[in-house]
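*Asks:* What follows is target_23.pdb, made up of PDB, C-alpha atoms, pLDDT in the B column:
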```pdb
ATOM      1  CA  MET A   1      14.181  46.121  54.507  1.00 54.00           C
ATOM      2  CA  ILE A   2      14.214  45.543  50.762  1.00 56.00           C
ATOM      3  CA  VAL A   3      16.506  48.511  50.299  1.00 49.00           C
ATOM      4  CA  GLN A   4      18.905  47.085  52.898  1.00 51.00           C
ATOM      5  CA  ARG A   5      18.961  43.685  51.180  1.00 53.00           C
ATOM      6  CA  LEU A   6      19.567  45.336  47.815  1.00 45.00           C
ATOM      7  CA  LEU A   7      22.332  47.411  49.361  1.00 46.00           C
ATOM      8  CA  VAL A   8      23.935  44.299  50.894  1.00 48.00           C
ATOM      9  CA  LEU A   9      23.576  42.469  47.592  1.00 48.00           C
ATOM     10  CA  LEU A  10      25.068  45.414  45.718  1.00 52.00           C
ATOM     11  CA  VAL A  11      28.016  45.652  48.149  1.00 50.00           C
ATOM     12  CA  GLY A  12      28.567  41.882  47.916  1.00 52.00           C
ATOM     13  CA  LEU A  13      28.409  42.035  44.152  1.00 46.00           C
ATOM     14  CA  THR A  14      30.860  44.941  44.108  1.00 48.00           C
ATOM     15  CA  VAL A  15      33.301  43.010  46.314  1.00 44.00           C
ATOM     16  CA  PHE A  16      32.876  39.933  44.095  1.00 45.00           C
ATOM     17  CA  LEU A  17      33.455  41.939  40.917  1.00 42.00           C
ATOM     18  CA  ALA A  18      36.441  43.655  42.465  1.00 45.00           C
ATOM     19  CA  ALA A  19      37.908  40.238  43.228  1.00 45.00           C
ATOM     20  CA  CYS A  20      37.145  39.092  39.691  1.00 46.00           C
ATOM     21  CA  GLY A  21      38.425  42.388  38.409  1.00 47.00           C
ATOM     22  CA  GLY A  22      41.722  41.619  40.124  1.00 43.00           C
ATOM     23  CA  SER A  23      41.842  38.350  38.227  1.00 39.00           C
ATOM     24  CA  SER A  24      40.873  40.120  35.054  1.00 38.00           C
ATOM     25  CA  ALA A  25      43.531  42.700  35.715  1.00 37.00           C
ATOM     26  CA  THR A  26      46.042  39.880  36.071  1.00 37.00           C
ATOM     27  CA  GLU A  27      44.718  38.246  32.923  1.00 38.00           C
ATOM     28  CA  THR A  28      44.708  41.614  31.198  1.00 37.00           C
ATOM     29  CA  ALA A  29      48.253  42.199  32.346  1.00 38.00           C
ATOM     30  CA  ASP A  30      49.166  38.758  30.979  1.00 39.00           C
ATOM     31  CA  ALA A  31      47.215  39.286  27.784  1.00 37.00           C
ATOM     32  CA  PRO A  32      49.236  42.259  26.549  1.00 38.00           C
ATOM     33  CA  ALA A  33      52.432  40.384  27.316  1.00 39.00           C
ATOM     34  CA  GLU A  34      51.122  37.381  25.368  1.00 38.00           C
ATOM     35  CA  SER A  35      49.831  39.475  22.508  1.00 36.00           C
ATOM     36  CA  GLU A  36      53.101  41.402  22.431  1.00 38.00           C
ATOM     37  CA  ALA A  37      55.111  38.180  22.468  1.00 37.00           C
ATOM     38  CA  PRO A  38      53.361  36.631  19.462  1.00 37.00           C
ATOM     39  CA  ALA A  39      53.554  39.911  17.583  1.00 38.00           C
ATOM     40  CA  ALA A  40      57.275  40.025  18.241  1.00 38.00           C
ATOM     41  CA  SER A  41      57.721  36.349  17.375  1.00 38.00           C
ATOM     42  CA  GLU A  42      55.481  36.635  14.302  1.00 38.00           C
ATOM     43  CA  ALA A  43      57.599  39.373  12.782  1.00 37.00           C
ATOM     44  CA  PRO A  44      60.875  37.378  12.926  1.00 35.00           C
ATOM     45  CA  ALA A  45      59.065  34.219  11.807  1.00 37.00           C
ATOM     46  CA  ALA A  46      57.626  36.024   8.808  1.00 37.00           C
ATOM     47  CA  THR A  47      61.053  37.478   8.071  1.00 37.00           C
ATOM     48  CA  ASP A  48      62.774  34.131   8.628  1.00 39.00           C
ATOM     49  CA  ALA A  49      60.261  32.103   6.590  1.00 37.00           C
ATOM     50  CA  PRO A  50      61.058  33.651   3.213  1.00 37.00           C
ATOM     51  CA  THR A  51      64.759  33.511   4.000  1.00 39.00           C
ATOM     52  CA  ASP A  52      64.563  29.823   4.932  1.00 40.00           C
ATOM     53  CA  THR A  53      62.134  28.908   2.143  1.00 37.00           C
ATOM     54  CA  PRO A  54      63.036  30.081  -1.350  1.00 37.00           C
ATOM     55  CA  ASP A  55      60.335  32.158  -3.013  1.00 40.00           C
ATOM     56  CA  ASP A  56      60.751  30.032  -6.147  1.00 39.00           C
ATOM     57  CA  THR A  57      59.368  26.989  -4.305  1.00 35.00           C
ATOM     58  CA  ALA A  58      56.202  28.782  -3.157  1.00 34.00           C
ATOM     59  CA  ALA A  59      55.449  30.345  -6.540  1.00 33.00           C
ATOM     60  CA  PRO A  60      55.228  27.108  -8.572  1.00 35.00           C
ATOM     61  CA  GLU A  61      52.906  25.574  -5.983  1.00 38.00           C
ATOM     62  CA  ALA A  62      50.602  28.558  -6.262  1.00 36.00           C
ATOM     63  CA  ASP A  63      50.818  28.445 -10.079  1.00 42.00           C
ATOM     64  CA  ALA A  64      50.139  24.694 -10.181  1.00 42.00           C
ATOM     65  CA  SER A  65      47.016  24.969  -8.054  1.00 44.00           C
ATOM     66  CA  ALA A  66      45.854  28.035 -10.011  1.00 47.00           C
ATOM     67  CA  ALA A  67      46.304  26.180 -13.316  1.00 75.00           C
ATOM     68  CA  ALA A  68      44.467  23.034 -12.181  1.00 92.00           C
ATOM     69  CA  THR A  69      40.958  22.543 -13.490  1.00 96.00           C
ATOM     70  CA  PRO A  70      38.362  21.289 -11.006  1.00 98.00           C
ATOM     71  CA  VAL A  71      36.270  18.282 -12.034  1.00 98.00           C
ATOM     72  CA  SER A  72      33.283  17.132  -9.988  1.00 98.00           C
ATOM     73  CA  LEU A  73      32.111  13.569 -10.444  1.00 98.00           C
ATOM     74  CA  GLY A  74      28.529  13.300  -9.296  1.00 97.00           C
ATOM     75  CA  ASP A  75      26.311  10.281  -9.498  1.00 95.00           C
ATOM     76  CA  PHE A  76      26.238   9.922 -13.274  1.00 94.00           C
ATOM     77  CA  THR A  77      27.430  13.460 -14.047  1.00 97.00           C
ATOM     78  CA  ILE A  78      30.749  15.107 -14.860  1.00 98.00           C
ATOM     79  CA  VAL A  79      30.907  18.826 -14.146  1.00 98.00           C
ATOM     80  CA  THR A  80      33.817  20.884 -15.464  1.00 97.00           C
ATOM     81  CA  GLU A  81      34.649  23.278 -18.274  1.00 95.00           C
ATOM     82  CA  ALA A  82      33.661  22.305 -21.822  1.00 95.00           C
ATOM     83  CA  VAL A  83      36.426  24.191 -23.664  1.00 96.00           C
ATOM     84  CA  PHE A  84      40.159  24.025 -22.940  1.00 95.00           C
ATOM     85  CA  ALA A  85      43.335  25.510 -24.388  1.00 95.00           C
ATOM     86  CA  ALA A  86      45.732  23.028 -25.963  1.00 96.00           C
ATOM     87  CA  GLY A  87      48.672  21.933 -23.836  1.00 95.00           C
ATOM     88  CA  THR A  88      49.138  20.155 -20.558  1.00 95.00           C
ATOM     89  CA  VAL A  89      46.024  20.357 -18.426  1.00 96.00           C
ATOM     90  CA  THR A  90      45.911  19.210 -14.814  1.00 97.00           C
ATOM     91  CA  PHE A  91      42.541  18.108 -13.520  1.00 98.00           C
ATOM     92  CA  ASP A  92      41.718  18.085  -9.813  1.00 98.00           C
ATOM     93  CA  VAL A  93      39.066  15.374  -9.779  1.00 98.00           C
ATOM     94  CA  VAL A  94      36.751  14.984  -6.774  1.00 98.00           C
ATOM     95  CA  ASN A  95      34.072  12.348  -6.348  1.00 98.00           C
ATOM     96  CA  ASP A  96      31.175  14.406  -5.014  1.00 97.00           C
ATOM     97  CA  GLY A  97      28.756  11.529  -5.516  1.00 96.00           C
ATOM     98  CA  ASN A  98      27.721   8.626  -3.323  1.00 97.00           C
ATOM     99  CA  PHE A  99      29.018   5.844  -5.581  1.00 96.00           C
ATOM    100  CA  PRO A 100      32.566   5.037  -6.769  1.00 97.00           C
ATOM    101  CA  HIS A 101      33.537   6.858  -9.988  1.00 98.00           C
ATOM    102  CA  GLU A 102      36.569   7.354 -12.239  1.00 98.00           C
ATOM    103  CA  PHE A 103      37.582  10.081 -14.680  1.00 98.00           C
ATOM    104  CA  GLY A 104      38.847   9.129 -18.121  1.00 97.00           C
ATOM    105  CA  ILE A 105      39.645  11.019 -21.312  1.00 98.00           C
ATOM    106  CA  THR A 106      39.549   9.785 -24.888  1.00 97.00           C
ATOM    107  CA  LYS A 107      39.724  11.512 -28.245  1.00 98.00           C
ATOM    108  CA  GLY A 108      36.332  11.547 -29.947  1.00 97.00           C
ATOM    109  CA  ASN A 109      33.490  13.768 -31.056  1.00 97.00           C
ATOM    110  CA  SER A 110      30.887  12.329 -28.711  1.00 97.00           C
ATOM    111  CA  TYR A 111      30.067   9.360 -26.510  1.00 97.00           C
ATOM    112  CA  GLU A 112      27.633   8.075 -29.135  1.00 96.00           C
ATOM    113  CA  GLU A 113      30.421   7.881 -31.758  1.00 96.00           C
ATOM    114  CA  LEU A 114      32.726   5.780 -29.553  1.00 97.00           C
ATOM    115  CA  THR A 115      32.880   1.986 -29.715  1.00 96.00           C
ATOM    116  CA  LEU A 116      30.528   0.824 -26.980  1.00 96.00           C
ATOM    117  CA  THR A 117      29.955  -2.455 -25.180  1.00 94.00           C
ATOM    118  CA  GLY A 118      26.582  -4.185 -25.320  1.00 92.00           C
ATOM    119  CA  SER A 119      25.547  -2.457 -22.085  1.00 92.00           C
ATOM    120  CA  GLY A 120      26.549   1.013 -23.282  1.00 95.00           C
ATOM    121  CA  GLY A 121      29.938   1.182 -21.598  1.00 96.00           C
ATOM    122  CA  ILE A 122      32.929   2.459 -23.540  1.00 96.00           C
ATOM    123  CA  ASP A 123      35.066  -0.292 -25.108  1.00 96.00           C
ATOM    124  CA  GLU A 124      38.397   1.113 -23.946  1.00 95.00           C
ATOM    125  CA  GLY A 125      40.370  -1.601 -25.784  1.00 94.00           C
ATOM    126  CA  ALA A 126      38.862  -0.503 -29.103  1.00 96.00           C
ATOM    127  CA  LEU A 127      39.920   3.109 -28.502  1.00 95.00           C
ATOM    128  CA  GLY A 128      43.627   2.319 -28.823  1.00 95.00           C
ATOM    129  CA  ALA A 129      45.901   5.368 -28.686  1.00 95.00           C
ATOM    130  CA  ASP A 130      42.874   7.701 -28.609  1.00 97.00           C
ATOM    131  CA  ASN A 131      42.274   6.661 -24.998  1.00 96.00           C
ATOM    132  CA  LEU A 132      44.556   8.993 -23.028  1.00 97.00           C
ATOM    133  CA  GLY A 133      44.015   7.432 -19.594  1.00 96.00           C
ATOM    134  CA  LYS A 134      42.031   7.760 -16.414  1.00 97.00           C
ATOM    135  CA  THR A 135      42.194   8.103 -12.658  1.00 98.00           C
ATOM    136  CA  GLY A 136      41.839   5.187 -10.331  1.00 97.00           C
ATOM    137  CA  VAL A 137      38.431   4.423  -8.886  1.00 97.00           C
ATOM    138  CA  LEU A 138      37.526   7.181  -6.435  1.00 98.00           C
ATOM    139  CA  ASN A 139      35.151   6.443  -3.575  1.00 98.00           C
ATOM    140  CA  ALA A 140      32.777   9.123  -2.313  1.00 97.00           C
ATOM    141  CA  GLY A 141      34.765  12.157  -1.110  1.00 97.00           C
ATOM    142  CA  GLU A 142      38.080  10.999  -2.570  1.00 98.00           C
ATOM    143  CA  SER A 143      40.114  13.049  -5.025  1.00 98.00           C
ATOM    144  CA  GLU A 144      43.005  12.661  -7.428  1.00 98.00           C
ATOM    145  CA  SER A 145      44.945  14.997  -9.694  1.00 98.00           C
ATOM    146  CA  ILE A 146      45.792  13.827 -13.191  1.00 97.00           C
ATOM    147  CA  SER A 147      47.434  15.625 -16.125  1.00 96.00           C
ATOM    148  CA  PHE A 148      47.034  15.146 -19.855  1.00 96.00           C
ATOM    149  CA  ASP A 149      48.729  16.764 -22.847  1.00 95.00           C
ATOM    150  CA  LEU A 150      45.742  17.800 -24.928  1.00 96.00           C
ATOM    151  CA  GLU A 151      46.098  18.627 -28.619  1.00 97.00           C
ATOM    152  CA  PRO A 152      43.446  20.650 -30.418  1.00 98.00           C
ATOM    153  CA  GLY A 153      40.388  18.552 -31.165  1.00 97.00           C
ATOM    154  CA  ASN A 154      37.354  16.936 -29.580  1.00 98.00           C
ATOM    155  CA  TYR A 155      37.443  14.723 -26.504  1.00 98.00           C
ATOM    156  CA  VAL A 156      35.058  12.771 -24.344  1.00 98.00           C
ATOM    157  CA  PHE A 157      35.432  12.743 -20.565  1.00 98.00           C
ATOM    158  CA  TYR A 158      33.872   9.653 -19.056  1.00 98.00           C
ATOM    159  CA  CYS A 159      33.328   7.355 -16.100  1.00 97.00           C
ATOM    160  CA  ASN A 160      33.453   3.784 -17.366  1.00 97.00           C
ATOM    161  CA  ILE A 161      32.606   1.888 -14.196  1.00 96.00           C
ATOM    162  CA  GLY A 162      30.289  -0.996 -15.026  1.00 94.00           C
ATOM    163  CA  ALA A 163      31.285  -0.884 -18.712  1.00 93.00           C
ATOM    164  CA  THR A 164      30.070  -4.435 -19.297  1.00 90.00           C
ATOM    165  CA  SER A 165      27.191  -4.475 -16.842  1.00 90.00           C
ATOM    166  CA  PRO A 166      23.667  -3.070 -16.894  1.00 89.00           C
ATOM    167  CA  ASN A 167      24.930  -0.409 -14.454  1.00 91.00           C
ATOM    168  CA  SER A 168      27.316   1.275 -16.901  1.00 95.00           C
ATOM    169  CA  HIS A 169      27.984   4.786 -15.623  1.00 97.00           C
ATOM    170  CA  ALA A 170      28.723   6.021 -19.173  1.00 97.00           C
ATOM    171  CA  ALA A 171      25.412   4.609 -20.407  1.00 96.00           C
ATOM    172  CA  LYS A 172      23.671   6.426 -17.541  1.00 96.00           C
ATOM    173  CA  GLY A 173      25.053   9.712 -18.866  1.00 96.00           C
ATOM    174  CA  GLN A 174      28.337  10.126 -17.006  1.00 97.00           C
ATOM    175  CA  VAL A 175      30.089  11.492 -20.099  1.00 98.00           C
ATOM    176  CA  LEU A 176      30.968  14.986 -21.273  1.00 98.00           C
ATOM    177  CA  SER A 177      32.022  16.120 -24.754  1.00 98.00           C
ATOM    178  CA  VAL A 178      34.672  18.858 -24.694  1.00 97.00           C
ATOM    179  CA  THR A 179      36.661  20.874 -27.196  1.00 98.00           C
ATOM    180  CA  VAL A 180      40.343  21.744 -27.051  1.00 97.00           C
ATOM    181  CA  ASN A 181      41.450  24.789 -29.060  1.00 96.00           C
TER     182      ASN A 181
END
```
Could I get this file's structure written as structure tokens?

*Replies:*
Amino acid sequence: MIVQRLLVLLVGLTVFLAACGGSSATETADAPAESEAPAASEAPAATDAPTDTPDDTAAPEADASAAATPVSLGDFTIVTEAVFAAGTVTFDVVNDGNFPHEFGITKGNSYEELTLTGSGGIDEGALGADNLGKTGVLNAGESESISFDLEPGNYVFYCNIGATSPNSHAAKGQVLSVTVN
């Protein structure tokens, strides 16, 4: 009796799989046609793309992103390289922290040697032409690219949010001394 039930179940399963196999065969028959179609359409698209888009346009984009220097603004940290070659440097700045931050650059040997506010922020007005500029305020997860023409010398990267308040980011250590050769 058990053998008969197993035999019936096996026959039923075989019929079911054969029916599904027919669908799979149809899908398999469709699949090669679909995979052949994209392969055929991919080849002309790849051939057409360089023809339609000049190679000169793609190369500078790749060079620009390769030349950009990543900067991570954490909560009261700045993480990037400490030595740079003189010339135009593009910084890709990302706020990886939880609080708003900004990224500024000024000429100077160290944060401690800059003119500071009473709360330890950087007195940007006192820096004059030594203050090269900064990004806008970046909220958590936001990013901005900014470029500076750096001459050989010493610089301080900083976040100056709260410059005149007890919550000065620079006073909390969000500064980095760097050298440009």

*Asks:* List every protein, DNA or RNA residue with an atom no more than 12 Å from (44.8, 24.7, -22.9) in the file's coordinates, counting only C-alpha atoms, and format the result as a tab-separated table (two decimals) with C-alpha atoms, in the frame of the given file.

*Replies:*
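What follows is the written file selection.tsv:
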```tsv
chain	number	residue	atom	x	y	z
A	67	ALA	CA	46.30	26.18	-13.32
A	68	ALA	CA	44.47	23.03	-12.18
A	69	THR	CA	40.96	22.54	-13.49
A	81	GLU	CA	34.65	23.28	-18.27
A	82	ALA	CA	33.66	22.30	-21.82
A	83	VAL	CA	36.43	24.19	-23.66
A	84	PHE	CA	40.16	24.02	-22.94
A	85	ALA	CA	43.34	25.51	-24.39
A	86	ALA	CA	45.73	23.03	-25.96
A	87	GLY	CA	48.67	21.93	-23.84
A	88	THR	CA	49.14	20.16	-20.56
A	89	VAL	CA	46.02	20.36	-18.43
A	90	THR	CA	45.91	19.21	-14.81
A	91	PHE	CA	42.54	18.11	-13.52
A	147	SER	CA	47.43	15.62	-16.12
A	148	PHE	CA	47.03	15.15	-19.86
A	149	ASP	CA	48.73	16.76	-22.85
A	150	LEU	CA	45.74	17.80	-24.93
A	151	GLU	CA	46.10	18.63	-28.62
A	152	PRO	CA	43.45	20.65	-30.42
A	153	GLY	CA	40.39	18.55	-31.16
A	178	VAL	CA	34.67	18.86	-24.69
A	179	THR	CA	36.66	20.87	-27.20
A	180	VAL	CA	40.34	21.74	-27.05
A	181	ASN	CA	41.45	24.79	-29.06
```

*Asks:* If we count all atoms listed in the file and set the cut-off at 8 Å, which residues sit around A:Tyr158, ignoring sequence neighbours fewer than 3 positions away in its own chain? Please answer as a list in words.

*Replies:* Ile78, Glu102, Phe103, Gly104, Ile105, Ala170, Gln174, Val175 and Leu176 of chain A

*Asks:* Just write the chosen residues, C-alpha atoms, as a PDB file, keeping the file's coordinate frame.

*Replies:*
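Output file selection35.pdb follows:
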```pdb
ATOM      1  CA  ILE A  78      30.749  15.107 -14.860  1.00 98.00           C
ATOM      2  CA  GLU A 102      36.569   7.354 -12.239  1.00 98.00           C
ATOM      3  CA  PHE A 103      37.582  10.081 -14.680  1.00 98.00           C
ATOM      4  CA  GLY A 104      38.847   9.129 -18.121  1.00 97.00           C
ATOM      5  CA  ILE A 105      39.645  11.019 -21.312  1.00 98.00           C
ATOM      6  CA  ALA A 170      28.723   6.021 -19.173  1.00 97.00           C
ATOM      7  CA  GLN A 174      28.337  10.126 -17.006  1.00 97.00           C
ATOM      8  CA  VAL A 175      30.089  11.492 -20.099  1.00 98.00           C
ATOM      9  CA  LEU A 176      30.968  14.986 -21.273  1.00 98.00           C
TER      10      LEU A 176
END
```

*Asks:* Expressed in Å to a single decimal, how great is the separation between atom CA of A:Asp75 and atom CA of A:Leu114?

*Replies:*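 Straight-line distance from atom CA of A:Asp75 to atom CA of A:Leu114 works out to 21.5 Å.
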
*Asks:* Set the distance at 7 Å and use only C-alpha atoms: which residues neighbour A:Ser177 once local chain neighbours fewer than 3 positions away are removed? I'd like the list as a ChimeraX atom specification.

*Replies:* /A:109-110,155-157

*Asks:* I need the output of the PyMOL selection byres ((chain A and resi 131-143) around 6) for this file as a ChimeraX atom specification; which residues are they?

*Replies:* /A:93-106,127-130,144

*Asks:* How many Å lie between atom CA of A:Ser72 and atom CA of A:Glu124, rounded to one decimal?

*Replies:*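 If I compute the distance from atom CA of A:Ser72 to atom CA of A:Glu124, I get 21.9 Å.
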
*Asks:* Evaluate the PyMOL selection byres ((chain A and resi 168) around 10) against this structure - the residues, as a PyMOL selection string, please.

*Replies:* chain A and resi 76+117+119-122+159-167+169-174

*Asks:* Can you tell me how far atom CA of A:Thr80 sits from atom CA of A:Glu112, in Å to one decimal?

*Replies:*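 So the two atoms, atom CA of A:Thr80 and atom CA of A:Glu112, lie 19.7 Å apart.
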
*Asks:* Put a box with edges along x, y and z around all the listed atoms of stretch 75-84 of chain A, pad it by 8 Å on each side, then give me its centre and sizes in Å, one decimal, as AutoDock Vina command-line options.

*Replies:*
```
--center_x 33.2 --center_y 17.1 --center_z -16.6 --size_x 29.9 --size_y 30.3 --size_z 30.2
```
